[in-house]
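Chemist: Contents of start-v6.cif (mmCIF, C-alpha atoms and all ligand atoms) are below:
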data_data
#
loop_
_atom_site.label_atom_id
_atom_site.label_comp_id
_atom_site.auth_asym_id
_atom_site.auth_seq_id
_atom_site.Cartn_x
_atom_site.Cartn_y
_atom_site.Cartn_z
CA MET A 16 110.83 97.83 -7.10
CA SER A 17 113.98 96.62 -5.30
CA ASP A 18 113.81 94.14 -2.43
CA ASP A 19 114.68 96.85 0.06
CA GLU A 20 111.76 99.02 -1.05
CA GLN A 21 109.34 96.23 -0.16
CA ARG A 22 110.73 95.54 3.29
CA PRO A 23 108.76 96.84 6.30
CA ILE A 24 109.84 99.90 8.30
CA CYS A 25 109.26 98.03 11.57
CA ASP A 26 111.22 94.85 10.88
CA ASP A 27 111.70 92.21 13.59
CA HIS A 28 110.85 94.77 16.33
CA VAL A 29 113.31 97.36 15.00
CA ILE A 30 112.24 100.65 13.39
CA MET A 31 114.48 100.96 10.36
CA GLY A 32 115.05 104.73 10.32
CA LYS A 33 117.81 104.39 7.78
CA ARG A 34 115.61 102.37 5.42
CA LEU A 35 112.76 104.88 5.66
CA SER A 36 115.18 107.77 5.23
CA LYS A 37 116.58 106.24 2.07
CA ARG A 38 113.11 106.00 0.56
CA LEU A 39 112.11 109.52 1.56
CA ARG A 40 115.42 111.00 0.38
CA THR A 41 114.91 109.37 -3.01
CA GLN A 42 111.53 111.14 -3.21
CA VAL A 43 113.11 114.48 -2.24
CA LYS A 44 115.85 114.01 -4.84
CA GLU A 45 113.30 113.20 -7.57
CA GLU A 46 111.24 116.27 -6.67
CA VAL A 47 114.34 118.48 -6.61
CA GLY A 48 115.33 117.15 -10.05
CA LYS A 49 111.90 117.97 -11.52
CA LEU A 50 111.82 121.48 -10.05
CA VAL A 51 115.37 122.33 -11.12
CA ALA A 52 114.50 121.21 -14.66
CA LYS A 53 111.39 123.41 -14.60
CA TYR A 54 112.72 126.56 -12.90
CA GLY A 55 116.41 126.42 -13.77
CA ILE A 56 117.47 127.26 -10.19
CA ALA A 57 118.94 124.76 -7.73
CA PRO A 58 117.87 124.84 -4.06
CA LYS A 59 120.63 126.11 -1.79
CA LEU A 60 121.19 125.60 1.92
CA VAL A 61 123.67 127.74 3.87
CA THR A 62 125.02 126.26 7.11
CA VAL A 63 126.75 128.29 9.81
CA ILE A 64 128.87 127.09 12.72
CA VAL A 65 130.34 129.44 15.31
CA GLY A 66 133.23 127.88 17.23
CA LYS A 67 134.84 124.48 17.16
CA ASP A 68 132.26 122.15 18.72
CA GLU A 69 133.16 118.72 17.32
CA GLY A 70 129.60 117.41 17.37
CA SER A 71 128.40 120.45 15.40
CA GLN A 72 131.16 119.96 12.82
CA MET A 73 130.16 116.33 12.35
CA TYR A 74 126.40 116.98 12.15
CA VAL A 75 126.82 119.81 9.65
CA ARG A 76 129.12 117.67 7.49
CA MET A 77 126.41 114.99 7.42
CA LYS A 78 123.70 117.54 6.59
CA ARG A 79 125.74 118.99 3.72
CA LYS A 80 126.62 115.57 2.32
CA ALA A 81 122.94 114.51 2.39
CA SER A 82 121.99 117.80 0.72
CA SER A 83 124.50 117.26 -2.05
CA ASP A 84 123.23 113.67 -2.56
CA ALA A 85 119.70 115.08 -2.98
CA GLY A 86 120.76 117.71 -5.55
CA ILE A 87 120.71 120.57 -3.03
CA LEU A 88 123.63 123.01 -3.19
CA SER A 89 125.23 124.10 0.05
CA ASP A 90 127.55 126.82 1.28
CA HIS A 91 129.15 126.81 4.68
CA TYR A 92 130.44 129.49 7.08
CA ASP A 93 132.85 128.20 9.70
CA LEU A 94 133.11 131.22 12.00
CA PRO A 95 135.59 131.62 14.86
CA GLU A 96 134.51 131.36 18.51
CA THR A 97 135.24 135.11 18.84
CA THR A 98 132.54 136.10 16.29
CA THR A 99 130.31 138.77 17.83
CA GLN A 100 126.53 138.68 17.86
CA ASP A 101 126.46 141.72 15.57
CA GLU A 102 128.73 140.02 13.04
CA LEU A 103 126.49 136.96 13.02
CA LEU A 104 123.37 139.14 12.67
CA LYS A 105 124.96 140.90 9.67
CA LEU A 106 125.66 137.55 8.02
CA ILE A 107 122.07 136.41 8.60
CA ASP A 108 120.75 139.67 7.17
CA SER A 109 122.81 139.22 4.01
CA LEU A 110 121.66 135.57 3.66
CA ASN A 111 118.03 136.66 4.20
CA LYS A 112 118.42 139.07 1.25
CA ASP A 113 120.35 136.69 -1.02
CA LYS A 114 117.86 135.31 -3.57
CA THR A 115 120.12 132.34 -4.38
CA VAL A 116 119.84 131.11 -0.76
CA HIS A 117 116.66 129.19 0.13
CA GLY A 118 117.57 127.71 3.51
CA ILE A 119 119.67 128.95 6.44
CA LEU A 120 120.80 126.69 9.28
CA VAL A 121 122.78 128.03 12.24
CA GLN A 122 124.01 124.97 14.10
CA LEU A 123 123.39 125.04 17.86
CA PRO A 124 124.77 125.44 20.44
CA LEU A 125 126.20 128.92 19.94
CA PRO A 126 128.96 130.32 22.16
CA SER A 127 127.58 131.80 25.39
CA HIS A 128 128.21 135.44 24.37
CA ILE A 129 125.69 135.06 21.52
CA ASP A 130 121.98 135.04 22.33
CA GLU A 131 120.38 132.09 20.53
CA LYS A 132 116.90 133.60 20.64
CA THR A 133 118.07 136.85 18.98
CA ILE A 134 119.84 134.95 16.20
CA ILE A 135 116.91 132.64 15.50
CA GLY A 136 114.53 135.58 15.59
CA ALA A 137 116.57 137.38 12.92
CA MET A 138 116.20 134.62 10.35
CA ALA A 139 113.72 135.05 7.50
CA PRO A 140 110.96 132.55 8.46
CA LEU A 141 110.74 131.19 4.90
CA LYS A 142 114.47 130.33 5.02
CA ASP A 143 114.43 128.95 8.56
CA VAL A 144 114.78 125.26 7.68
CA ASP A 145 115.15 124.31 11.36
CA GLY A 146 111.66 125.62 12.09
CA PHE A 147 112.90 127.48 15.18
CA SER A 148 111.85 131.05 14.28
CA PRO A 149 108.82 132.71 15.94
CA ALA A 150 106.65 132.56 12.80
CA ASN A 151 107.33 128.84 12.32
CA ILE A 152 106.69 128.05 16.00
CA TYR A 153 103.44 130.05 15.75
CA ASN A 154 102.45 128.00 12.70
CA LEU A 155 103.14 124.79 14.64
CA PHE A 156 101.16 126.09 17.62
CA TYR A 157 98.16 126.45 15.29
CA GLY A 158 98.54 122.92 13.87
CA GLY A 159 100.68 123.61 10.78
CA GLU A 160 103.71 121.42 10.12
CA GLU A 161 105.45 123.24 7.23
CA LEU A 162 109.04 124.06 8.21
CA SER A 163 108.74 122.40 11.61
CA SER A 164 111.74 121.24 13.61
CA ALA A 165 113.47 118.32 11.86
CA THR A 166 114.14 115.95 14.78
CA PRO A 167 110.57 115.91 16.16
CA HIS A 168 109.15 115.91 12.64
CA GLY A 169 111.38 112.93 11.81
CA ILE A 170 110.05 111.11 14.88
CA VAL A 171 106.37 111.57 14.03
CA THR A 172 107.08 110.69 10.40
CA MET A 173 108.51 107.38 11.61
CA LEU A 174 105.34 106.81 13.64
CA ASP A 175 103.27 107.65 10.53
CA TYR A 176 105.11 104.91 8.61
CA ILE A 177 104.64 102.18 11.22
CA GLY A 178 100.87 102.61 11.17
CA MET A 179 100.63 105.19 13.98
CA LYS A 180 99.47 108.20 11.96
CA ASP A 181 96.57 108.69 14.34
CA LEU A 182 97.50 108.46 18.02
CA SER A 183 93.92 108.68 19.36
CA GLY A 184 93.73 106.81 22.65
CA LYS A 185 97.53 106.43 22.83
CA HIS A 186 99.55 107.72 25.73
CA VAL A 187 102.85 109.15 24.49
CA VAL A 188 105.48 109.85 27.13
CA VAL A 189 108.30 112.18 26.07
CA ILE A 190 111.46 112.47 28.17
CA ASN A 191 112.86 115.83 27.08
CA ARG A 192 111.74 119.45 27.31
CA SER A 193 114.23 121.16 24.99
CA THR A 194 113.32 123.77 22.39
CA ILE A 195 114.76 121.51 19.64
CA VAL A 196 113.06 118.23 20.58
CA GLY A 197 110.58 118.09 23.47
CA LYS A 198 108.63 121.31 23.04
CA PRO A 199 107.92 121.13 19.28
CA LEU A 200 107.22 117.40 19.65
CA ILE A 201 104.30 118.14 21.99
CA PHE A 202 102.48 120.00 19.21
CA LEU A 203 103.22 117.42 16.51
CA LEU A 204 101.88 114.69 18.82
CA LEU A 205 98.78 116.70 19.71
CA ASN A 206 98.15 117.17 15.97
CA ARG A 207 97.94 113.36 15.83
CA ASN A 208 95.50 113.20 18.77
CA ALA A 209 97.95 111.72 21.28
CA THR A 210 97.63 112.07 25.04
CA VAL A 211 101.02 113.57 25.89
CA THR A 212 103.05 113.49 29.11
CA VAL A 213 106.38 115.32 29.21
CA CYS A 214 109.02 114.18 31.71
CA HIS A 215 112.42 115.77 32.32
CA SER A 216 115.35 115.88 34.70
CA ARG A 217 113.19 117.17 37.59
CA THR A 218 110.49 114.50 37.20
CA ALA A 219 110.04 112.29 40.25
CA ASP A 220 109.58 108.55 39.72
CA LEU A 221 110.25 108.43 35.98
CA THR A 222 109.37 104.72 35.83
CA SER A 223 105.78 105.35 36.95
CA PHE A 224 105.38 107.37 33.71
CA THR A 225 107.40 105.21 31.31
CA LYS A 226 105.39 102.12 32.35
CA GLN A 227 102.22 103.81 31.13
CA ALA A 228 103.61 104.73 27.71
CA ASP A 229 102.14 103.22 24.55
CA VAL A 230 104.84 105.26 22.83
CA LEU A 231 107.95 106.25 24.77
CA ILE A 232 110.20 108.91 23.24
CA THR A 233 113.43 109.50 25.11
CA ALA A 234 116.16 112.10 24.55
CA ILE A 235 118.23 112.21 27.73
CA GLY A 236 121.53 111.88 25.88
CA ARG A 237 123.96 110.82 28.56
CA ARG A 238 125.03 107.62 30.29
CA LYS A 239 123.37 106.88 33.63
CA SER A 240 126.62 105.50 35.02
CA LYS A 241 129.60 103.51 33.81
CA GLU A 242 128.31 100.21 35.24
CA ASP A 243 124.66 100.86 34.44
CA PRO A 244 124.65 103.01 31.27
CA PHE A 245 121.00 102.91 30.15
CA PHE A 246 118.33 105.19 31.58
CA ILE A 247 115.58 103.12 29.91
CA THR A 248 115.65 99.45 30.80
CA VAL A 249 113.26 96.65 29.92
CA ASP A 250 111.51 96.72 33.32
CA MET A 251 110.51 100.35 32.67
CA ILE A 252 108.39 99.72 29.58
CA LYS A 253 104.96 98.30 28.88
CA ASP A 254 104.49 95.15 26.75
CA ASP A 255 104.32 96.05 23.06
CA ALA A 256 105.28 99.68 23.55
CA VAL A 257 106.85 101.65 20.72
CA VAL A 258 110.17 103.05 21.95
CA ILE A 259 111.91 105.91 20.15
CA ASP A 260 115.48 106.65 21.24
CA VAL A 261 116.55 110.16 20.23
CA ALA A 262 119.81 110.15 22.21
CA THR A 263 123.11 110.44 20.41
CA PRO A 264 125.86 109.32 20.02
CA TYR A 265 124.81 106.61 22.53
CA GLY A 266 121.20 105.60 23.02
CA ASP A 267 119.27 105.99 26.30
CA VAL A 268 117.65 102.60 25.77
CA ASP A 269 118.90 99.11 26.56
CA PHE A 270 118.11 98.21 22.94
CA GLU A 271 118.88 94.47 22.98
CA ASN A 272 116.63 93.73 25.96
CA VAL A 273 113.90 96.28 25.21
CA LYS A 274 113.58 94.84 21.68
CA LYS A 275 112.34 91.55 23.19
CA LYS A 276 109.41 93.24 24.94
CA ALA A 277 108.57 96.22 22.73
CA MET A 278 106.45 96.21 19.62
CA CYS A 279 109.33 98.11 18.05
CA VAL A 280 112.30 100.21 19.04
CA THR A 281 114.66 102.51 17.15
CA PRO A 282 118.37 101.64 17.02
CA VAL A 283 121.16 104.15 17.71
CA PRO A 284 122.67 104.79 15.22
CA GLY A 285 120.30 104.21 12.28
CA GLY A 286 117.01 105.30 13.86
CA VAL A 287 116.09 108.92 14.56
CA GLY A 288 119.43 110.38 13.35
CA PRO A 289 118.96 109.72 9.62
CA MET A 290 115.32 110.86 9.87
CA THR A 291 116.39 114.23 11.28
CA ILE A 292 118.55 114.85 8.24
CA THR A 293 115.81 113.60 5.92
CA LEU A 294 113.27 116.04 7.35
CA LEU A 295 115.83 118.83 7.05
CA LEU A 296 116.12 118.03 3.32
CA GLN A 297 112.34 118.07 3.08
CA ASN A 298 112.32 121.49 4.79
CA VAL A 299 114.92 122.83 2.34
CA LEU A 300 112.78 121.55 -0.52
CA ASP A 301 109.63 123.14 0.98
CA ALA A 302 111.46 126.43 1.58
CA TYR A 303 112.71 126.43 -2.02
CA VAL A 304 109.22 125.66 -3.36
CA ALA A 305 107.75 128.52 -1.32
CA GLN A 306 110.38 130.98 -2.57
CA VAL A 307 110.85 129.91 -6.18
CA THR A 308 107.54 128.56 -7.41
CA LYS A 309 105.01 130.82 -5.65
N1 LIG A 401 121.89 121.25 17.36
C1 LIG A 401 121.37 120.04 17.71
N2 LIG A 401 120.32 119.72 16.92
C2 LIG A 401 120.16 120.75 16.07
C3 LIG A 401 119.24 121.01 15.01
O1 LIG A 401 118.32 120.24 14.71
N3 LIG A 401 119.43 122.19 14.35
C4 LIG A 401 120.41 123.08 14.68
N4 LIG A 401 120.49 124.21 13.98
N5 LIG A 401 121.28 122.86 15.66
C5 LIG A 401 121.15 121.71 16.34
#
Could you spell out this file's structure in structure tokens?
Ligand code: GUN
Modeler:
Amino acid sequence: MSDDEQRPICDDHVIMGKRLSKRLRTQVKEEVGKLVAKYGIAPKLVTVIVGKDEGSQMYVRMKRKASSDAGILSDHYDLPETTTQDELLKLIDSLNKDKTVHGILVQLPLPSHIDEKTIIGAMAPLKDVDGFSPANIYNLFYGGEELSSATPHGIVTMLDYIGMKDLSGKHVVVINRSTIVGKPLIFLLLNRNATVTVCHSRTADLTSFTKQADVLITAIGRRKSKEDPFFITVDMIKDDAVVIDVATPYGDVDFENVKKKAMCVTPVPGGVGPMTITLLLQNVLDAYVAQVTK
């Protein structure tokens, strides 16, 4: 075992998302290797971007690179902004039918003339490696976690690895209500027996909630102001809280000061970001297993 493999995930009050990701990605890669040797078919992810959003281009590049490192093949469709909803639906239909494709990921956001809900609803649930489709949300609603949304699943996996697998008696405050992060996260936290409060942009007196949090998960994702950039400052958290910063590319949390008071806090970058990609790889592996070995 290398030195790094023995080092803790919460190290000097910092949750080492990158370190945990590295370990979990090694496990995914080993599993992929075994299954490819047994079944003679490599897992394949197809990514789709519509338009020229720079963030989307960067995230998809990172997802494809991580896939390749784990032995997962990937194809990519870079579609113009003018792509119609029907054209995108036709592509999804052909990918649904293509037996060499095990995972489909349509990067969000989509241009405003395309209805996100229609596109997500058209994806074969077994290939929906984002966990956004109705069948996968339904599974999550009933306590299942197979093919669940990668960012929230990455967050609870981090909690699992810092000794917070069971959140009985813990108050978890989430600042986000999006379909990608906040909403699926509620179910994953309830599965772990947490008491969950969800705050968002219309919440009054945010600090009265954050101060109660044993675990604070924040995904605001913008600067408060130029002079005062952090929404989450040290005076807003409880002693020994666990603080998870989902915001990107800049964190919501005043990391350097919060670190002195928190039990542990995630850095940005190197915290939640790598875990999101890791859980995506796990989803591709699970989707492949479900389609190839069963
Ligand atoms: N845009 C921002 N996060 C995500 C994600 O997790 N999946 C997809 N498909 N698009 C995103």
Chemist: Give me the chain A side of the contact with ligand LIG 401 (chain A), cut-off 8 Å, one line per residue showing its nearest atom pair and distance in Å at one decimal, counting only C-alpha atoms and all ligand atoms, sorted by chain and residue number, as a tab-separated table.
Modeler:
residue	atom	partner	partner_atom	distance
A:Ser71	CA	A:LIG401	N1	6.8
A:Leu120	CA	A:LIG401	N4	5.3
A:Val121	CA	A:LIG401	N4	4.8
A:Gln122	CA	A:LIG401	N4	3.6
A:Leu123	CA	A:LIG401	N5	3.7
A:Pro124	CA	A:LIG401	N1	5.9
A:Asp145	CA	A:LIG401	N3	5.6
A:Ser164	CA	A:LIG401	O1	6.7
A:Ala165	CA	A:LIG401	O1	5.9
A:Thr166	CA	A:LIG401	O1	6.0
A:Ile195	CA	A:LIG401	O1	6.2
A:Thr291	CA	A:LIG401	O1	7.2
Chemist: Might you pull out every residue within 7 Å of Ser36 of chain A, with all atoms listed in the file counted and same-chain residues fewer than 4 positions away left off, and present them as a list in words?
Modeler: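 Near neighbours after the sequence-gap exclusion: Gly32, Arg40, Pro289, Met290 and Thr293 of chain A.
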Chemist: Pick from A:Asp229, A:Asp254, A:Asp175, A:Asp90: nearest to Ile24 of chain A, with all atoms listed in the file counted?
Modeler: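 Nearest candidate to Ile24 of chain A out of A:Asp229, A:Asp254, A:Asp175, A:Asp90: A:Asp175.
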Chemist: Which residue is closest to Lys49 of chain A? Choose from A:Arg79, A:Gly86, A:Arg192, A:Asp255 and count all atoms listed in the file.
Modeler: A:Gly86
Chemist: Mind checking which residues fall within 7 Å of segment 278-282 of chain A, counting all atoms listed in the file, ignoring those fewer than 4 positions away in the same chain, and posting them as a PDB file with C-alpha atoms, keeping the file's coordinate frame?
Modeler:
ATOM      1  CA  CYS A  25     109.260  98.030  11.570  1.00  0.00           C
ATOM      2  CA  HIS A  28     110.850  94.770  16.330  1.00  0.00           C
ATOM      3  CA  VAL A  29     113.310  97.360  15.000  1.00  0.00           C
ATOM      4  CA  ILE A  30     112.240 100.650  13.390  1.00  0.00           C
ATOM      5  CA  MET A  31     114.480 100.960  10.360  1.00  0.00           C
ATOM      6  CA  ASP A 255     104.320  96.050  23.060  1.00  0.00           C
ATOM      7  CA  ALA A 256     105.280  99.680  23.550  1.00  0.00           C
ATOM      8  CA  VAL A 257     106.850 101.650  20.720  1.00  0.00           C
ATOM      9  CA  VAL A 258     110.170 103.050  21.950  1.00  0.00           C
ATOM     10  CA  ILE A 259     111.910 105.910  20.150  1.00  0.00           C
ATOM     11  CA  ASP A 260     115.480 106.650  21.240  1.00  0.00           C
ATOM     12  CA  PHE A 270     118.110  98.210  22.940  1.00  0.00           C
ATOM     13  CA  LYS A 274     113.580  94.840  21.680  1.00  0.00           C
ATOM     14  CA  GLY A 286     117.010 105.300  13.860  1.00  0.00           C
TER      15      GLY A 286
END
Chemist: Which of these, A:Phe156, A:Gly184, A:Phe246, A:Gly178, has the shortest distance to Lys198 of chain A once you count all atoms listed in the file?
Modeler: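 Of the candidates, the smallest distance to Lys198 of chain A is held by A:Phe156.
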Chemist: Please measure the separation of atom CA of Pro244 of chain A and atom CA of Pro264 of chain A, giving the value in Å to one decimal.
Modeler: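 Computing it gives 13.0 Å between the two atoms.
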Chemist: Tell me, in Å to one decimal, how far atom CA of Gly288 of chain A is from atom CA of Val189 of chain A.
Modeler: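 Taking atom CA of Gly288 of chain A and atom CA of Val189 of chain A, their separation equals 17.0 Å.
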Chemist: Go through A:Ser89, A:Thr225, A:Thr172, A:Thr308 one by one, measure the shortest atom-to-atom distance of each to Val188 of chain A using all atoms listed in the file, and give the residue with the smallest value.
Modeler: A:Thr225
Chemist: Residues near Met138 of chain A, anyone? I mean within 9 Å using all atoms listed in the file, not counting same-chain ones fewer than 3 positions away, as a list of chain:residue names.
Modeler: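 Here the answer would be A:Leu104, A:Ile107, A:Asp108, A:Leu110, A:Asn111, A:Ile119, A:Ile134, A:Ile135, A:Leu141, A:Lys142, A:Asp143, A:Ser148.
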Chemist: My list of candidates is A:Ile87, A:Val144, A:Met73, A:Leu103. Which is closest to Glu161 of chain A when distances are computed with all atoms listed in the file?
Modeler: A:Val144
Chemist: Counting only C-alpha atoms, which of A:Leu182, A:Val304, A:Val261, A:Leu296 gets nearest to Pro284 of chain A?
Modeler: A:Val261
Chemist: Which neighbours of Gly146 of chain A fall inside 7 Å, counting all atoms listed in the file, when residues of the same chain fewer than 6 positions from it are skipped, and could you give them as a PDB file with C-alpha atoms, keeping the file's coordinate frame?
Modeler:
ATOM      1  CA  ILE A 152     106.690 128.050  16.000  1.00  0.00           C
ATOM      2  CA  LEU A 162     109.040 124.060   8.210  1.00  0.00           C
ATOM      3  CA  SER A 163     108.740 122.400  11.610  1.00  0.00           C
ATOM      4  CA  SER A 164     111.740 121.240  13.610  1.00  0.00           C
TER       5      SER A 164
END
Chemist: Report, in Å with one decimal, the straight-line distance from atom CA of Asp301 of chain A to atom CA of Ser193 of chain A.
Modeler: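 Straight-line distance from atom CA of Asp301 of chain A to atom CA of Ser193 of chain A works out to 24.5 Å.
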Chemist: N, CA, C and O atoms are what I want for segment 105-123 of chain A; can you complete it accordingly and write them as a PDB file, keeping the file's coordinate frame?
Modeler:
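rebuild38.pdb was written with the following content:
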ATOM      1  N   LYS A 105     124.702 140.318  11.014  1.00  0.00           N
ATOM      2  CA  LYS A 105     124.960 140.900   9.670  1.00  0.00           C
ATOM      3  C   LYS A 105     124.980 139.794   8.614  1.00  0.00           C
ATOM      4  O   LYS A 105     124.440 139.956   7.524  1.00  0.00           O
ATOM      5  N   LEU A 106     125.619 138.669   8.961  1.00  0.00           N
ATOM      6  CA  LEU A 106     125.660 137.550   8.020  1.00  0.00           C
ATOM      7  C   LEU A 106     124.234 137.062   7.735  1.00  0.00           C
ATOM      8  O   LEU A 106     123.856 136.832   6.573  1.00  0.00           O
ATOM      9  N   ILE A 107     123.446 136.905   8.785  1.00  0.00           N
ATOM     10  CA  ILE A 107     122.070 136.410   8.600  1.00  0.00           C
ATOM     11  C   ILE A 107     121.267 137.387   7.739  1.00  0.00           C
ATOM     12  O   ILE A 107     120.544 136.975   6.822  1.00  0.00           O
ATOM     13  N   ASP A 108     121.453 138.667   7.970  1.00  0.00           N
ATOM     14  CA  ASP A 108     120.750 139.670   7.170  1.00  0.00           C
ATOM     15  C   ASP A 108     121.127 139.539   5.687  1.00  0.00           C
ATOM     16  O   ASP A 108     120.253 139.579   4.811  1.00  0.00           O
ATOM     17  N   SER A 109     122.403 139.323   5.422  1.00  0.00           N
ATOM     18  CA  SER A 109     122.810 139.220   4.010  1.00  0.00           C
ATOM     19  C   SER A 109     122.262 137.915   3.397  1.00  0.00           C
ATOM     20  O   SER A 109     121.859 137.897   2.227  1.00  0.00           O
ATOM     21  N   LEU A 110     122.208 136.837   4.182  1.00  0.00           N
ATOM     22  CA  LEU A 110     121.660 135.570   3.660  1.00  0.00           C
ATOM     23  C   LEU A 110     120.138 135.685   3.460  1.00  0.00           C
ATOM     24  O   LEU A 110     119.588 135.139   2.501  1.00  0.00           O
ATOM     25  N   ASN A 111     119.484 136.423   4.359  1.00  0.00           N
ATOM     26  CA  ASN A 111     118.030 136.660   4.200  1.00  0.00           C
ATOM     27  C   ASN A 111     117.743 137.338   2.867  1.00  0.00           C
ATOM     28  O   ASN A 111     116.757 137.044   2.196  1.00  0.00           O
ATOM     29  N   LYS A 112     118.651 138.261   2.471  1.00  0.00           N
ATOM     30  CA  LYS A 112     118.420 139.070   1.250  1.00  0.00           C
ATOM     31  C   LYS A 112     118.902 138.369  -0.020  1.00  0.00           C
ATOM     32  O   LYS A 112     118.517 138.774  -1.117  1.00  0.00           O
ATOM     33  N   ASP A 113     119.735 137.355   0.133  1.00  0.00           N
ATOM     34  CA  ASP A 113     120.350 136.690  -1.020  1.00  0.00           C
ATOM     35  C   ASP A 113     119.333 135.746  -1.691  1.00  0.00           C
ATOM     36  O   ASP A 113     118.957 134.715  -1.128  1.00  0.00           O
ATOM     37  N   LYS A 114     118.914 136.084  -2.884  1.00  0.00           N
ATOM     38  CA  LYS A 114     117.860 135.310  -3.570  1.00  0.00           C
ATOM     39  C   LYS A 114     118.315 133.912  -3.992  1.00  0.00           C
ATOM     40  O   LYS A 114     117.493 133.046  -4.308  1.00  0.00           O
ATOM     41  N   THR A 115     119.645 133.675  -4.010  1.00  0.00           N
ATOM     42  CA  THR A 115     120.120 132.340  -4.380  1.00  0.00           C
ATOM     43  C   THR A 115     120.118 131.386  -3.188  1.00  0.00           C
ATOM     44  O   THR A 115     120.368 130.194  -3.334  1.00  0.00           O
ATOM     45  N   VAL A 116     119.854 131.930  -1.989  1.00  0.00           N
ATOM     46  CA  VAL A 116     119.840 131.110  -0.760  1.00  0.00           C
ATOM     47  C   VAL A 116     118.387 130.828  -0.357  1.00  0.00           C
ATOM     48  O   VAL A 116     117.614 131.761  -0.161  1.00  0.00           O
ATOM     49  N   HIS A 117     118.048 129.535  -0.230  1.00  0.00           N
ATOM     50  CA  HIS A 117     116.660 129.190   0.130  1.00  0.00           C
ATOM     51  C   HIS A 117     116.516 128.702   1.562  1.00  0.00           C
ATOM     52  O   HIS A 117     115.421 128.737   2.124  1.00  0.00           O
ATOM     53  N   GLY A 118     117.629 128.213   2.131  1.00  0.00           N
ATOM     54  CA  GLY A 118     117.570 127.710   3.510  1.00  0.00           C
ATOM     55  C   GLY A 118     118.792 128.152   4.298  1.00  0.00           C
ATOM     56  O   GLY A 118     119.910 128.178   3.760  1.00  0.00           O
ATOM     57  N   ILE A 119     118.557 128.550   5.562  1.00  0.00           N
ATOM     58  CA  ILE A 119     119.670 128.950   6.440  1.00  0.00           C
ATOM     59  C   ILE A 119     119.598 128.057   7.681  1.00  0.00           C
ATOM     60  O   ILE A 119     118.519 127.881   8.267  1.00  0.00           O
ATOM     61  N   LEU A 120     120.757 127.524   8.074  1.00  0.00           N
ATOM     62  CA  LEU A 120     120.800 126.690   9.280  1.00  0.00           C
ATOM     63  C   LEU A 120     121.994 127.117  10.139  1.00  0.00           C
ATOM     64  O   LEU A 120     123.140 127.003   9.703  1.00  0.00           O
ATOM     65  N   VAL A 121     121.712 127.682  11.292  1.00  0.00           N
ATOM     66  CA  VAL A 121     122.780 128.030  12.240  1.00  0.00           C
ATOM     67  C   VAL A 121     122.833 126.896  13.259  1.00  0.00           C
ATOM     68  O   VAL A 121     121.888 126.686  14.030  1.00  0.00           O
ATOM     69  N   GLN A 122     123.915 126.140  13.209  1.00  0.00           N
ATOM     70  CA  GLN A 122     124.010 124.970  14.100  1.00  0.00           C
ATOM     71  C   GLN A 122     124.122 125.420  15.556  1.00  0.00           C
ATOM     72  O   GLN A 122     124.889 126.327  15.893  1.00  0.00           O
ATOM     73  N   LEU A 123     123.356 124.767  16.423  1.00  0.00           N
ATOM     74  CA  LEU A 123     123.390 125.040  17.860  1.00  0.00           C
ATOM     75  C   LEU A 123     124.190 123.951  18.560  1.00  0.00           C
ATOM     76  O   LEU A 123     124.252 122.832  18.056  1.00  0.00           O
TER      77      LEU A 123
END
